[in-house]
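Below is one structure, written out as structure tokens, with a few remarks after it.
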Amino acid sequence: MARFTDKAVIITGAASGLGLESAVRIGSEGANLVLVDLKEDALEAAKALVLETAPDAKILTVAADVSDEAQVQKYVDATVNEFGKIDGFFNNAGIEGRQNLTEDFGAEEFSKVLSVNLNGVFYGMAAVLKVMREQGYGSILNCASVGGIRGVGNQSGYSASKHGVVGLTRNSAVEYGQYGITINAIAPGAIMTAMVEASLKQMDPENWEEAGLQFVSVNPFKRFGKPEEVASVVAFFLSGEAPFVNGTVLPIDGGQSAKY
Ligand code: NAD
């Protein structure tokens, strides 16, 4: 039997990158999915892609902005109405923000990045945990970043928000283990997605591919990670195969964060 048969999994930021690849992977392992992202048309495209490998999956799409608490409650309620439970939650949606020195970062940009990356993750956890505590089971996986365990530079908002996600993960993991719920985070390094392409274009708009090669030259693998190399780890955390792994933050970065 597939690991996710009869399980209901919510994925935010599901229309692109790591969220989309995780939807494909978890869908292919039998899950019913709730795909959440900003725009309905992008969600429809994501749903069509998942159905290519998982034609029998039941897939609900919910257009919602994760930085708005009422919209977060909307996708959680929609999940419970449709599937009656939440087995897994990949709390993944995030943005990078404009790169800048701290003094030039700007209060507005700082607050925008935090509202999506940190408030959005908190609202998601709070609403999903209420359901999972009543059920007495469930797995939450928050998407942090190596920027949540190390300094990156020029990313005050991103780094602060991702360090915050690590803190939220550890705090709630301590609270909810007693209810049979695991809460962990992943800390991806540079994985080639739309976000990373846009990030490289911020660094060097003309020669962003060259900038990318330079960026990964210090990685032990000397390459970018692939979204499927994250999706397989997401599937593991949410599959129920790690019931005593709680409060961890797992780098997925080819070992780069272990390097001095
Ligand atoms: P991506 O840009 O390809 O996908 C992010 C998705 O989130 C998009 O579909 C976007 O529409 C959605 N989104 C953005 N703001 C939203 C909001 N307010 N409400 C709902 N959806 C929203 O990026 P990605 O690389 O797949 O990033 C996914 C997560 O992984 C992010 O949290 C990011 O910080 C994290 N991450 C990525 C990398 C990487 O190298 N790609 C590294 C570390 C962490």
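Chain lettering (A, B, ...) mirrors the order of the structure tokens, residue numbering begins at 1 for each chain separately, and ligand numbering begins at 1 in order of display.
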- Query: Within 7 Å of ligand 1, counting only C-alpha atoms and all ligand atoms: which residues, as a ChimeraX atom specification?
  - Reply: /A:12-19,36-38,64-67,92-96,116-117,143-146,187-196
- Write down as a PyMOL selection string the residues belonging to segment 58-219 of chain A that are assigned helix (DSSP H, G or I) by DSSP computed on the backbone. chain A and resi 69-83+102-105+107-135+146-148+156-179+194-203+208-216
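One distance worth recording is that between atom CA of Gly212 of chain A and atom CA of Gly225 of chain A, which is 11.9 Å.
Between Val34 of chain A and the residues A:Pro227, A:Pro55, A:Gly138, A:Gly88, the shortest atom-to-atom distance, using only C-alpha atoms, involves A:Gly88.
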- Top pick for closest residue to Thr5 of chain A, considering A:Val233, A:Ile26, A:Leu20, A:Ile183 and counting only C-alpha atoms: A:Ile26
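If only C-alpha atoms are the atoms counted, then among A:Gly124, A:Gly97, A:Pro243, A:Gly177 the closest residue to Val76 of chain A is A:Gly124.
For Gly106 of chain A, the residues within 12 Å (counting only C-alpha atoms, excluding itself and residues fewer than 6 positions away along the chain) are Gly97, Arg98, Gln99, Asn100, Lys112, Val113, Asn154, Gln155, Ser156 and Gly157 of chain A.
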Write out, as a tab-separated table (two decimals), in the first residue's frame, the residues just selected, with N, CA and C atoms.
```tsv
chain	number	residue	atom	x	y	z
A	97	GLY	N	11.83	38.56	-0.99
A	97	GLY	CA	11.95	40.00	-0.71
A	97	GLY	C	13.12	40.60	-1.47
A	98	ARG	N	13.15	41.94	-1.51
A	98	ARG	CA	14.22	42.64	-2.23
A	98	ARG	C	15.52	42.58	-1.44
A	99	GLN	N	16.60	42.23	-2.13
A	99	GLN	CA	17.90	42.14	-1.45
A	99	GLN	C	18.46	43.54	-1.21
A	100	ASN	N	18.98	43.73	-0.01
A	100	ASN	CA	19.54	45.03	0.33
A	100	ASN	C	20.34	44.94	1.63
A	112	LYS	N	6.62	43.15	4.99
A	112	LYS	CA	5.98	42.33	3.95
A	112	LYS	C	6.53	40.89	3.98
A	113	VAL	N	7.84	40.77	4.06
A	113	VAL	CA	8.45	39.43	4.06
A	113	VAL	C	8.04	38.67	5.32
A	154	ASN	N	22.28	40.50	2.95
A	154	ASN	CA	21.33	41.25	2.10
A	154	ASN	C	19.89	40.73	2.20
A	155	GLN	N	19.61	39.95	3.24
A	155	GLN	CA	18.26	39.35	3.34
A	155	GLN	C	17.73	39.48	4.76
A	156	SER	N	17.70	40.70	5.29
A	156	SER	CA	17.25	40.90	6.67
A	156	SER	C	15.88	40.27	6.91
A	157	GLY	N	14.93	40.57	6.03
A	157	GLY	CA	13.57	40.08	6.22
A	157	GLY	C	13.51	38.57	6.10
```
